[in-house]
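Peer 1: Have a look at this one before I ask anything.
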Amino acid sequence: QVQLVESGGGLVQAGASLRLSCSASGRISTYAMGWFRQDPGKDREFVAVINREGSPYYEDSVKGRFTISRDNAKNTVYLQMNSLKPEDTGVYYCAAQVDYGGSYILLSLSQRYDYWGQGTQVTVSS
């Protein structure tokens, strides 16, 4: 079982940058690691995923602004967020699922993830 802890959220102005971290209690080398965002009263939305081989996939609205990366030696996943916009506001969750080599479409589905962190709040003011 993997326990995930996110950090790095905060309140920033539009155009600023934040780097989120997700630290895992166990080895993550065989896991696909995803980031999701949730607004109050809404479902969790896919933001980005990185598969076990290190290949990323992004939701269209964050392409070119966000970068997901992983450091298996540290059991940590990162989400570098640049040029932040007010619509990026939300609680950001890190999630893990065993990567069997499925398509990115499957890896973007929240229901396929087995482990979740507690979330970190990101607020972008205009």
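All residue names refer to the structure tokens as shown: chains lettered A, B, ... in order, residues numbered from 1 in each chain, ligands numbered from 1 in order.
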Give me every strand (DSSP E) residue in chain A, going by DSSP on the backbone, as a CSV table (one decimal) with all heavy atoms, in the first residue's frame.
Peer 2:
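Result saved to states-v5.csv:
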chain,number,residue,atom,x,y,z
A,4,LEU,N,0.3,8.8,0.1
A,4,LEU,CA,0.8,9.9,-0.6
A,4,LEU,C,0.5,11.2,0.2
A,4,LEU,O,-0.5,11.4,0.8
A,4,LEU,CB,0.0,10.0,-2.0
A,4,LEU,CG,0.1,8.8,-2.8
A,4,LEU,CD1,-0.8,8.9,-4.0
A,4,LEU,CD2,1.5,8.5,-3.3
A,5,VAL,N,1.5,12.1,0.1
A,5,VAL,CA,1.4,13.4,0.8
A,5,VAL,C,1.8,14.5,-0.1
A,5,VAL,O,2.9,14.5,-0.6
A,5,VAL,CB,2.3,13.4,2.1
A,5,VAL,CG1,2.1,14.8,2.8
A,5,VAL,CG2,1.9,12.3,3.1
A,6,GLU,N,0.8,15.4,-0.4
A,6,GLU,CA,1.1,16.5,-1.3
A,6,GLU,C,1.6,17.7,-0.4
A,6,GLU,O,1.3,17.9,0.7
A,6,GLU,CB,-0.1,17.0,-2.0
A,6,GLU,CG,-0.8,15.9,-2.9
A,6,GLU,CD,-1.9,15.2,-2.2
A,6,GLU,OE1,-1.9,15.2,-0.9
A,6,GLU,OE2,-2.8,14.6,-2.9
A,7,SER,N,2.4,18.6,-1.1
A,7,SER,CA,2.8,19.8,-0.5
A,7,SER,C,3.1,20.8,-1.6
A,7,SER,O,3.2,20.5,-2.8
A,7,SER,CB,4.0,19.6,0.4
A,7,SER,OG,5.1,19.1,-0.4
A,10,GLY,N,-0.6,27.0,-2.3
A,10,GLY,CA,-0.6,28.3,-1.7
A,10,GLY,C,-1.4,29.3,-2.5
A,10,GLY,O,-2.1,28.9,-3.4
A,11,LEU,N,-1.3,30.5,-2.1
A,11,LEU,CA,-2.1,31.6,-2.7
A,11,LEU,C,-1.1,32.5,-3.5
A,11,LEU,O,-0.1,33.0,-3.0
A,11,LEU,CB,-2.7,32.5,-1.7
A,11,LEU,CG,-3.4,33.8,-2.1
A,11,LEU,CD1,-4.5,33.6,-3.1
A,11,LEU,CD2,-3.8,34.6,-0.9
A,12,VAL,N,-1.3,32.6,-4.8
A,12,VAL,CA,-0.4,33.4,-5.7
A,12,VAL,C,-1.3,34.2,-6.6
A,12,VAL,O,-2.5,34.0,-6.8
A,12,VAL,CB,0.5,32.4,-6.5
A,12,VAL,CG1,1.4,31.6,-5.6
A,12,VAL,CG2,-0.3,31.5,-7.4
A,13,GLN,N,-0.6,35.2,-7.3
A,13,GLN,CA,-1.3,36.0,-8.3
A,13,GLN,C,-1.2,35.3,-9.6
A,13,GLN,O,-0.3,34.5,-9.9
A,13,GLN,CB,-0.6,37.4,-8.3
A,13,GLN,CG,-0.9,38.2,-7.1
A,13,GLN,CD,-0.4,39.6,-7.2
A,13,GLN,OE1,0.5,39.9,-7.9
A,13,GLN,NE2,-1.1,40.6,-6.5
A,18,LEU,N,4.1,27.8,-9.2
A,18,LEU,CA,4.1,27.0,-8.0
A,18,LEU,C,4.7,25.6,-8.4
A,18,LEU,O,4.5,25.2,-9.5
A,18,LEU,CB,2.7,26.8,-7.3
A,18,LEU,CG,2.2,27.9,-6.5
A,18,LEU,CD1,0.7,27.6,-6.1
A,18,LEU,CD2,3.0,28.2,-5.2
A,19,ARG,N,5.3,25.0,-7.4
A,19,ARG,CA,5.7,23.6,-7.6
A,19,ARG,C,5.1,22.7,-6.5
A,19,ARG,O,5.4,22.9,-5.4
A,19,ARG,CB,7.3,23.5,-7.6
A,19,ARG,CG,7.8,22.1,-8.0
A,19,ARG,CD,9.3,22.0,-7.5
A,19,ARG,NE,10.0,20.9,-8.2
A,19,ARG,CZ,11.1,20.4,-7.8
A,19,ARG,NH1,11.6,20.8,-6.6
A,19,ARG,NH2,11.6,19.4,-8.4
A,20,LEU,N,4.3,21.8,-7.0
A,20,LEU,CA,3.7,20.8,-6.1
A,20,LEU,C,4.6,19.6,-6.0
A,20,LEU,O,5.2,19.2,-7.0
A,20,LEU,CB,2.3,20.5,-6.5
A,20,LEU,CG,1.3,21.6,-6.7
A,20,LEU,CD1,-0.1,21.0,-7.1
A,20,LEU,CD2,1.2,22.5,-5.5
A,21,SER,N,4.6,19.0,-4.8
A,21,SER,CA,5.3,17.8,-4.6
A,21,SER,C,4.4,16.7,-4.0
A,21,SER,O,3.5,17.0,-3.3
A,21,SER,CB,6.5,18.0,-3.6
A,21,SER,OG,7.5,18.9,-4.1
A,22,CYS,N,4.7,15.5,-4.4
A,22,CYS,CA,3.9,14.4,-3.8
A,22,CYS,C,4.9,13.3,-3.4
A,22,CYS,O,5.6,12.7,-4.2
A,22,CYS,CB,3.0,13.8,-4.9
A,22,CYS,SG,2.1,12.3,-4.5
A,23,SER,N,5.0,13.1,-2.1
A,23,SER,CA,5.9,12.1,-1.5
A,23,SER,C,5.2,10.9,-1.2
A,23,SER,O,4.1,10.9,-0.5
A,23,SER,CB,6.5,12.7,-0.3
A,23,SER,OG,7.3,13.9,-0.6
A,24,ALA,N,5.7,9.8,-1.6
A,24,ALA,CA,5.1,8.5,-1.4
A,24,ALA,C,5.8,7.7,-0.3
A,24,ALA,O,7.1,7.8,-0.1
A,24,ALA,CB,5.1,7.6,-2.7
A,31,TYR,N,4.3,2.4,-10.7
A,31,TYR,CA,3.1,3.2,-10.6
A,31,TYR,C,3.0,4.3,-11.7
A,31,TYR,O,4.0,4.9,-11.9
A,31,TYR,CB,2.8,3.8,-9.3
A,31,TYR,CG,2.5,2.8,-8.2
A,31,TYR,CD1,3.5,2.1,-7.5
A,31,TYR,CD2,1.2,2.5,-7.9
A,31,TYR,CE1,3.2,1.2,-6.5
A,31,TYR,CE2,0.8,1.6,-6.9
A,31,TYR,CZ,1.9,1.0,-6.2
A,31,TYR,OH,1.5,0.1,-5.2
A,32,ALA,N,1.8,4.5,-12.3
A,32,ALA,CA,1.5,5.7,-12.9
A,32,ALA,C,1.1,6.7,-11.9
A,32,ALA,O,0.3,6.3,-11.0
A,32,ALA,CB,0.4,5.5,-14.0
A,33,MET,N,1.6,7.9,-12.0
A,33,MET,CA,1.3,8.9,-11.0
A,33,MET,C,0.6,10.1,-11.6
A,33,MET,O,1.0,10.6,-12.6
A,33,MET,CB,2.6,9.4,-10.4
A,33,MET,CG,3.5,8.3,-9.7
A,33,MET,SD,2.7,7.5,-8.3
A,33,MET,CE,2.5,8.9,-7.2
A,34,GLY,N,-0.6,10.4,-11.1
A,34,GLY,CA,-1.4,11.5,-11.7
A,34,GLY,C,-1.6,12.6,-10.7
A,34,GLY,O,-1.5,12.5,-9.5
A,35,TRP,N,-2.0,13.8,-11.3
A,35,TRP,CA,-2.4,14.9,-10.5
A,35,TRP,C,-3.8,15.3,-11.0
A,35,TRP,O,-4.1,15.3,-12.2
A,35,TRP,CB,-1.5,16.1,-10.8
A,35,TRP,CG,-0.2,16.1,-10.1
A,35,TRP,CD1,1.0,15.7,-10.6
A,35,TRP,CD2,0.0,16.4,-8.7
A,35,TRP,NE1,2.0,15.8,-9.6
A,35,TRP,CE2,1.4,16.2,-8.4
A,35,TRP,CE3,-0.7,16.9,-7.6
A,35,TRP,CZ2,2.0,16.5,-7.2
A,35,TRP,CZ3,-0.1,17.2,-6.4
A,35,TRP,CH2,1.2,17.0,-6.2
A,36,PHE,N,-4.7,15.5,-10.1
A,36,PHE,CA,-6.1,15.9,-10.3
A,36,PHE,C,-6.4,17.2,-9.6
A,36,PHE,O,-5.8,17.4,-8.5
A,36,PHE,CB,-7.0,14.8,-9.9
A,36,PHE,CG,-6.9,13.5,-10.8
A,36,PHE,CD1,-5.9,12.6,-10.6
A,36,PHE,CD2,-7.8,13.3,-11.8
A,36,PHE,CE1,-5.7,11.5,-11.4
A,36,PHE,CE2,-7.7,12.2,-12.6
A,36,PHE,CZ,-6.7,11.3,-12.4
A,37,ARG,N,-7.4,17.9,-10.0
A,37,ARG,CA,-7.9,19.1,-9.4
A,37,ARG,C,-9.3,19.0,-9.1
A,37,ARG,O,-10.1,18.5,-9.9
A,37,ARG,CB,-7.6,20.3,-10.3
A,37,ARG,CG,-8.1,21.6,-9.8
A,37,ARG,CD,-7.7,22.8,-10.7
A,37,ARG,NE,-8.3,22.6,-12.0
A,37,ARG,CZ,-7.6,22.6,-13.1
A,37,ARG,NH1,-6.3,22.8,-13.1
A,37,ARG,NH2,-8.2,22.5,-14.3
A,38,GLN,N,-9.8,19.6,-8.0
A,38,GLN,CA,-11.2,19.5,-7.6
A,38,GLN,C,-11.6,20.9,-7.1
A,38,GLN,O,-11.0,21.4,-6.2
A,38,GLN,CB,-11.5,18.4,-6.6
A,38,GLN,CG,-12.9,18.2,-6.3
A,38,GLN,CD,-13.2,17.0,-5.5
A,38,GLN,OE1,-12.3,16.5,-4.7
A,38,GLN,NE2,-14.4,16.4,-5.6
A,45,GLU,N,-11.0,16.6,-11.6
A,45,GLU,CA,-10.6,16.7,-13.0
A,45,GLU,C,-9.2,16.3,-13.2
A,45,GLU,O,-8.3,16.7,-12.4
A,45,GLU,CB,-10.9,18.1,-13.5
A,45,GLU,CG,-12.3,18.6,-13.4
A,45,GLU,CD,-12.5,20.0,-13.9
A,45,GLU,OE1,-11.4,20.8,-13.9
A,45,GLU,OE2,-13.6,20.4,-14.2
A,46,PHE,N,-8.9,15.6,-14.3
A,46,PHE,CA,-7.6,15.2,-14.6
A,46,PHE,C,-6.7,16.5,-15.0
A,46,PHE,O,-7.2,17.3,-15.7
A,46,PHE,CB,-7.6,14.3,-15.8
A,46,PHE,CG,-6.3,14.0,-16.4
A,46,PHE,CD1,-5.3,13.2,-15.8
A,46,PHE,CD2,-6.0,14.5,-17.7
A,46,PHE,CE1,-4.1,12.9,-16.4
A,46,PHE,CE2,-4.7,14.3,-18.2
A,46,PHE,CZ,-3.8,13.5,-17.6
A,47,VAL,N,-5.5,16.5,-14.5
A,47,VAL,CA,-4.6,17.6,-14.8
A,47,VAL,C,-3.4,17.0,-15.6
A,47,VAL,O,-3.1,17.5,-16.7
A,47,VAL,CB,-4.1,18.3,-13.6
A,47,VAL,CG1,-3.0,19.3,-13.9
A,47,VAL,CG2,-5.2,18.9,-12.8
A,48,ALA,N,-2.7,16.0,-15.1
A,48,ALA,CA,-1.5,15.4,-15.7
A,48,ALA,C,-1.2,14.1,-15.1
A,48,ALA,O,-1.6,13.8,-14.0
A,48,ALA,CB,-0.3,16.4,-15.5
A,49,VAL,N,-0.5,13.3,-15.9
A,49,VAL,CA,-0.1,11.9,-15.5
A,49,VAL,C,1.3,11.7,-16.0
A,49,VAL,O,1.6,12.1,-17.1
A,49,VAL,CB,-1.1,10.8,-15.8
A,49,VAL,CG1,-1.2,10.7,-17.4
A,49,VAL,CG2,-0.7,9.5,-15.2
A,50,ILE,N,2.0,10.9,-15.3
A,50,ILE,CA,3.3,10.4,-15.8
A,50,ILE,C,3.4,8.9,-15.6
A,50,ILE,O,3.1,8.4,-14.5
A,50,ILE,CB,4.5,11.1,-15.1
A,50,ILE,CG1,5.8,10.8,-15.8
A,50,ILE,CG2,4.5,10.9,-13.6
A,50,ILE,CD1,7.0,11.7,-15.4
A,56,PRO,N,4.9,11.8,-20.0
A,56,PRO,CA,3.8,12.6,-19.5
A,56,PRO,C,2.7,12.7,-20.4
A,56,PRO,O,2.8,12.6,-21.6
A,56,PRO,CB,4.5,14.0,-19.2
A,56,PRO,CG,5.4,14.1,-20.4
A,56,PRO,CD,5.9,12.7,-20.6
A,57,TYR,N,1.5,13.1,-19.8
A,57,TYR,CA,0.3,13.4,-20.6
A,57,TYR,C,-0.4,14.5,-19.9
A,57,TYR,O,-0.6,14.4,-18.6
A,57,TYR,CB,-0.5,12.1,-20.8
A,57,TYR,CG,-1.8,12.3,-21.5
A,57,TYR,CD1,-1.9,12.7,-22.8
A,57,TYR,CD2,-3.0,12.1,-20.8
A,57,TYR,CE1,-3.1,12.8,-23.5
A,57,TYR,CE2,-4.2,12.2,-21.4
A,57,TYR,CZ,-4.3,12.6,-22.8
A,57,TYR,OH,-5.5,12.7,-23.4
A,58,TYR,N,-0.9,15.5,-20.6
A,58,TYR,CA,-1.6,16.6,-19.9
A,58,TYR,C,-3.0,16.9,-20.4
A,58,TYR,O,-3.3,16.6,-21.6
A,58,TYR,CB,-0.7,17.9,-20.2
A,58,TYR,CG,0.7,17.8,-19.7
A,58,TYR,CD1,1.7,17.4,-20.6
A,58,TYR,CD2,1.0,18.1,-18.4
A,58,TYR,CE1,3.0,17.3,-20.1
A,58,TYR,CE2,2.3,18.0,-17.9
A,58,TYR,CZ,3.3,17.6,-18.8
A,58,TYR,OH,4.6,17.5,-18.4
A,66,PHE,N,2.2,23.5,-17.5
A,66,PHE,CA,2.5,22.6,-16.4
A,66,PHE,C,3.5,21.5,-16.9
A,66,PHE,O,3.4,21.1,-18.0
A,66,PHE,CB,1.3,21.9,-15.9
A,66,PHE,CG,0.3,22.9,-15.2
A,66,PHE,CD1,0.5,24.2,-15.1
A,66,PHE,CD2,-0.8,22.3,-14.5
A,66,PHE,CE1,-0.4,25.0,-14.5
A,66,PHE,CE2,-1.7,23.1,-13.8
A,66,PHE,CZ,-1.5,24.5,-13.8
A,67,THR,N,4.3,21.1,-16.0
A,67,THR,CA,5.3,20.0,-16.2
A,67,THR,C,5.2,19.0,-15.1
A,67,THR,O,5.5,19.4,-13.9
A,67,THR,CB,6.7,20.5,-16.4
A,67,THR,OG1,6.7,21.4,-17.5
A,67,THR,CG2,7.6,19.3,-16.8
A,68,ILE,N,4.9,17.7,-15.4
A,68,ILE,CA,4.9,16.7,-14.4
A,68,ILE,C,6.2,15.9,-14.5
A,68,ILE,O,6.7,15.7,-15.7
A,68,ILE,CB,3.7,15.7,-14.6
A,68,ILE,CG1,3.6,14.8,-13.4
A,68,ILE,CG2,3.7,15.0,-15.9
A,68,ILE,CD1,2.3,14.0,-13.4
A,69,SER,N,6.8,15.5,-13.4
A,69,SER,CA,8.1,14.8,-13.4
A,69,SER,C,8.1,13.9,-12.2
A,69,SER,O,7.3,14.0,-11.3
A,69,SER,CB,9.3,15.7,-13.4
A,69,SER,OG,9.3,16.5,-12.2
A,70,ARG,N,9.0,12.9,-12.3
A,70,ARG,CA,9.1,12.0,-11.2
A,70,ARG,C,10.5,11.7,-10.8
A,70,ARG,O,11.4,11.7,-11.7
A,70,ARG,CB,8.3,10.7,-11.5
A,70,ARG,CG,8.9,9.9,-12.7
A,70,ARG,CD,7.9,8.7,-13.1
A,70,ARG,NE,7.7,7.8,-12.0
A,70,ARG,CZ,6.6,7.0,-11.9
A,70,ARG,NH1,5.7,7.0,-12.9
A,70,ARG,NH2,6.5,6.2,-10.9
A,71,ASP,N,10.8,11.4,-9.6
A,71,ASP,CA,12.1,11.0,-9.1
A,71,ASP,C,11.9,9.7,-8.3
A,71,ASP,O,11.5,9.7,-7.1
A,71,ASP,CB,12.7,12.1,-8.2
A,71,ASP,CG,14.2,11.7,-7.8
A,71,ASP,OD1,14.5,10.5,-7.8
A,71,ASP,OD2,14.9,12.7,-7.5
A,76,THR,N,9.1,10.4,-5.3
A,76,THR,CA,8.4,11.7,-5.3
A,76,THR,C,8.0,12.1,-6.7
A,76,THR,O,8.8,11.8,-7.7
A,76,THR,CB,9.3,12.8,-4.7
A,76,THR,OG1,9.6,12.5,-3.4
A,76,THR,CG2,8.6,14.2,-4.7
A,77,VAL,N,6.9,12.7,-6.8
A,77,VAL,CA,6.4,13.2,-8.1
A,77,VAL,C,6.2,14.7,-8.0
A,77,VAL,O,5.7,15.2,-6.9
A,77,VAL,CB,5.1,12.6,-8.5
A,77,VAL,CG1,4.5,13.1,-9.8
A,77,VAL,CG2,5.3,11.1,-8.7
A,78,TYR,N,6.4,15.5,-9.0
A,78,TYR,CA,6.3,16.9,-9.0
A,78,TYR,C,5.4,17.4,-10.0
A,78,TYR,O,5.2,16.8,-11.1
A,78,TYR,CB,7.7,17.6,-9.2
A,78,TYR,CG,8.8,17.1,-8.3
A,78,TYR,CD1,9.6,16.1,-8.6
A,78,TYR,CD2,8.9,17.6,-7.0
A,78,TYR,CE1,10.6,15.6,-7.8
A,78,TYR,CE2,9.9,17.2,-6.1
A,78,TYR,CZ,10.7,16.2,-6.5
A,78,TYR,OH,11.7,15.7,-5.7
A,79,LEU,N,4.8,18.6,-9.8
A,79,LEU,CA,4.0,19.3,-10.8
A,79,LEU,C,4.4,20.7,-10.8
A,79,LEU,O,4.1,21.5,-9.8
A,79,LEU,CB,2.5,19.2,-10.5
A,79,LEU,CG,1.6,19.8,-11.6
A,79,LEU,CD1,1.7,19.0,-12.9
A,79,LEU,CD2,0.1,19.8,-11.1
A,80,GLN,N,5.2,21.1,-11.8
A,80,GLN,CA,5.6,22.5,-11.9
A,80,GLN,C,4.6,23.2,-12.7
A,80,GLN,O,4.2,22.9,-13.8
A,80,GLN,CB,7.0,22.6,-12.7
A,80,GLN,CG,7.5,24.0,-12.9
A,80,GLN,CD,7.9,24.7,-11.7
A,80,GLN,OE1,8.5,24.1,-10.8
A,80,GLN,NE2,7.5,26.0,-11.5
A,81,MET,N,4.0,24.3,-12.0
A,81,MET,CA,2.9,25.0,-12.6
A,81,MET,C,3.4,26.5,-12.9
A,81,MET,O,3.7,27.2,-11.9
A,81,MET,CB,1.7,25.0,-11.7
A,81,MET,CG,1.3,23.6,-11.3
A,81,MET,SD,-0.3,23.6,-10.4
A,81,MET,CE,0.2,24.4,-8.9
A,90,GLY,N,-8.0,25.4,-7.2
A,90,GLY,CA,-8.6,24.2,-6.7
A,90,GLY,C,-7.8,23.4,-5.7
A,90,GLY,O,-6.6,23.9,-5.4
A,91,VAL,N,-8.3,22.3,-5.3
A,91,VAL,CA,-7.5,21.4,-4.4
A,91,VAL,C,-6.8,20.4,-5.4
A,91,VAL,O,-7.5,19.8,-6.2
A,91,VAL,CB,-8.4,20.7,-3.4
A,91,VAL,CG1,-7.5,19.7,-2.6
A,91,VAL,CG2,-9.0,21.7,-2.5
A,92,TYR,N,-5.5,20.3,-5.3
A,92,TYR,CA,-4.8,19.4,-6.2
A,92,TYR,C,-4.5,18.1,-5.4
A,92,TYR,O,-3.9,18.2,-4.3
A,92,TYR,CB,-3.5,20.1,-6.6
A,92,TYR,CG,-3.8,21.1,-7.8
A,92,TYR,CD1,-4.4,22.3,-7.5
A,92,TYR,CD2,-3.4,20.8,-9.1
A,92,TYR,CE1,-4.7,23.2,-8.5
A,92,TYR,CE2,-3.7,21.6,-10.1
A,92,TYR,CZ,-4.3,22.8,-9.8
A,92,TYR,OH,-4.6,23.7,-10.9
A,93,TYR,N,-4.8,17.0,-6.0
A,93,TYR,CA,-4.6,15.7,-5.4
A,93,TYR,C,-3.6,14.9,-6.3
A,93,TYR,O,-3.6,14.9,-7.5
A,93,TYR,CB,-5.9,14.9,-5.4
A,93,TYR,CG,-6.9,15.5,-4.5
A,93,TYR,CD1,-7.9,16.4,-4.9
A,93,TYR,CD2,-7.0,15.1,-3.1
A,93,TYR,CE1,-8.8,16.9,-4.1
A,93,TYR,CE2,-8.0,15.6,-2.3
A,93,TYR,CZ,-8.9,16.5,-2.7
A,93,TYR,OH,-9.8,17.0,-1.9
A,94,CYS,N,-2.7,14.2,-5.6
A,94,CYS,CA,-1.8,13.3,-6.2
A,94,CYS,C,-2.4,11.9,-6.1
A,94,CYS,O,-3.1,11.6,-5.1
A,94,CYS,CB,-0.5,13.3,-5.4
A,94,CYS,SG,0.7,12.1,-6.0
A,95,ALA,N,-2.3,11.1,-7.1
A,95,ALA,CA,-2.8,9.7,-7.1
A,95,ALA,C,-1.9,8.7,-7.7
A,95,ALA,O,-1.1,9.1,-8.6
A,95,ALA,CB,-4.2,9.7,-7.8
A,96,ALA,N,-2.1,7.5,-7.4
A,96,ALA,CA,-1.2,6.4,-7.9
A,96,ALA,C,-2.0,5.2,-8.3
A,96,ALA,O,-3.0,4.8,-7.6
A,96,ALA,CB,-0.1,6.0,-6.9
A,97,GLN,N,-1.6,4.6,-9.4
A,97,GLN,CA,-2.2,3.3,-9.8
A,97,GLN,C,-1.1,2.5,-10.4
A,97,GLN,O,-0.1,3.0,-11.0
A,97,GLN,CB,-3.3,3.5,-10.8
A,97,GLN,CG,-2.9,4.1,-12.2
A,97,GLN,CD,-3.9,3.9,-13.2
A,97,GLN,OE1,-4.2,2.8,-13.7
A,97,GLN,NE2,-4.6,5.1,-13.6
A,98,VAL,N,-1.1,1.2,-10.2
A,98,VAL,CA,-0.1,0.3,-10.9
A,98,VAL,C,-0.3,0.4,-12.4
A,98,VAL,O,-1.4,0.4,-12.9
A,98,VAL,CB,-0.4,-1.2,-10.5
A,98,VAL,CG1,0.6,-2.1,-11.2
A,98,VAL,CG2,-0.2,-1.3,-8.9
A,115,TYR,N,-4.7,4.9,-5.0
A,115,TYR,CA,-4.2,5.6,-3.8
A,115,TYR,C,-4.3,7.1,-4.1
A,115,TYR,O,-4.0,7.6,-5.2
A,115,TYR,CB,-2.8,5.2,-3.5
A,115,TYR,CG,-2.6,3.7,-3.3
A,115,TYR,CD1,-2.0,2.9,-4.3
A,115,TYR,CD2,-3.1,3.1,-2.2
A,115,TYR,CE1,-1.9,1.6,-4.2
A,115,TYR,CE2,-3.0,1.7,-2.1
A,115,TYR,CZ,-2.4,0.9,-3.1
A,115,TYR,OH,-2.3,-0.4,-2.9
A,116,TRP,N,-4.7,7.8,-3.0
A,116,TRP,CA,-4.8,9.3,-3.1
A,116,TRP,C,-4.2,10.0,-1.9
A,116,TRP,O,-4.2,9.5,-0.8
A,116,TRP,CB,-6.3,9.7,-3.2
A,116,TRP,CG,-7.0,9.2,-4.4
A,116,TRP,CD1,-7.6,8.0,-4.7
A,116,TRP,CD2,-7.2,10.0,-5.6
A,116,TRP,NE1,-8.1,8.0,-6.0
A,116,TRP,CE2,-7.9,9.2,-6.5
A,116,TRP,CE3,-6.9,11.3,-6.0
A,116,TRP,CZ2,-8.2,9.6,-7.8
A,116,TRP,CZ3,-7.2,11.8,-7.2
A,116,TRP,CH2,-7.9,10.9,-8.1
A,120,THR,N,-3.8,19.5,-1.7
A,120,THR,CA,-3.2,20.7,-1.3
A,120,THR,C,-3.9,21.8,-2.1
A,120,THR,O,-4.1,21.7,-3.3
A,120,THR,CB,-1.6,20.7,-1.6
A,120,THR,OG1,-1.1,21.9,-1.1
A,120,THR,CG2,-1.3,20.6,-3.1
A,121,GLN,N,-4.2,22.9,-1.4
A,121,GLN,CA,-5.0,24.0,-2.0
A,121,GLN,C,-4.1,24.9,-2.8
A,121,GLN,O,-3.0,25.4,-2.3
A,121,GLN,CB,-5.7,24.8,-0.9
A,121,GLN,CG,-6.5,26.0,-1.4
A,121,GLN,CD,-7.7,25.6,-2.2
A,121,GLN,OE1,-8.5,24.7,-1.8
A,121,GLN,NE2,-8.0,26.3,-3.3
A,122,VAL,N,-4.5,25.2,-4.0
A,122,VAL,CA,-3.9,26.2,-4.9
A,122,VAL,C,-4.9,27.3,-5.2
A,122,VAL,O,-6.0,27.0,-5.7
A,122,VAL,CB,-3.4,25.6,-6.2
A,122,VAL,CG1,-2.9,26.7,-7.1
A,122,VAL,CG2,-2.3,24.6,-5.9
A,123,THR,N,-4.6,28.5,-4.9
A,123,THR,CA,-5.5,29.6,-5.2
A,123,THR,C,-4.8,30.7,-6.0
A,123,THR,O,-3.7,31.1,-5.6
A,123,THR,CB,-6.1,30.3,-3.9
A,123,THR,OG1,-6.7,29.3,-3.1
A,123,THR,CG2,-7.0,31.4,-4.2
A,124,VAL,N,-5.3,31.0,-7.1
A,124,VAL,CA,-4.7,32.0,-8.0
A,124,VAL,C,-5.6,33.2,-8.1
A,124,VAL,O,-6.8,33.0,-8.6
A,124,VAL,CB,-4.5,31.4,-9.4
A,124,VAL,CG1,-3.7,32.4,-10.3
A,124,VAL,CG2,-3.7,30.1,-9.3
A,125,SER,N,-5.2,34.3,-7.7
A,125,SER,CA,-6.0,35.5,-7.7
A,125,SER,C,-5.7,36.3,-9.0
A,125,SER,O,-4.6,36.3,-9.5
A,125,SER,CB,-5.7,36.4,-6.5
A,125,SER,OG,-4.3,36.8,-6.5
Peer 1: How would you write, as a count of residues only, the set of residues in chain A that DSSP gives as alpha helix (DSSP H)?
Peer 2: 4
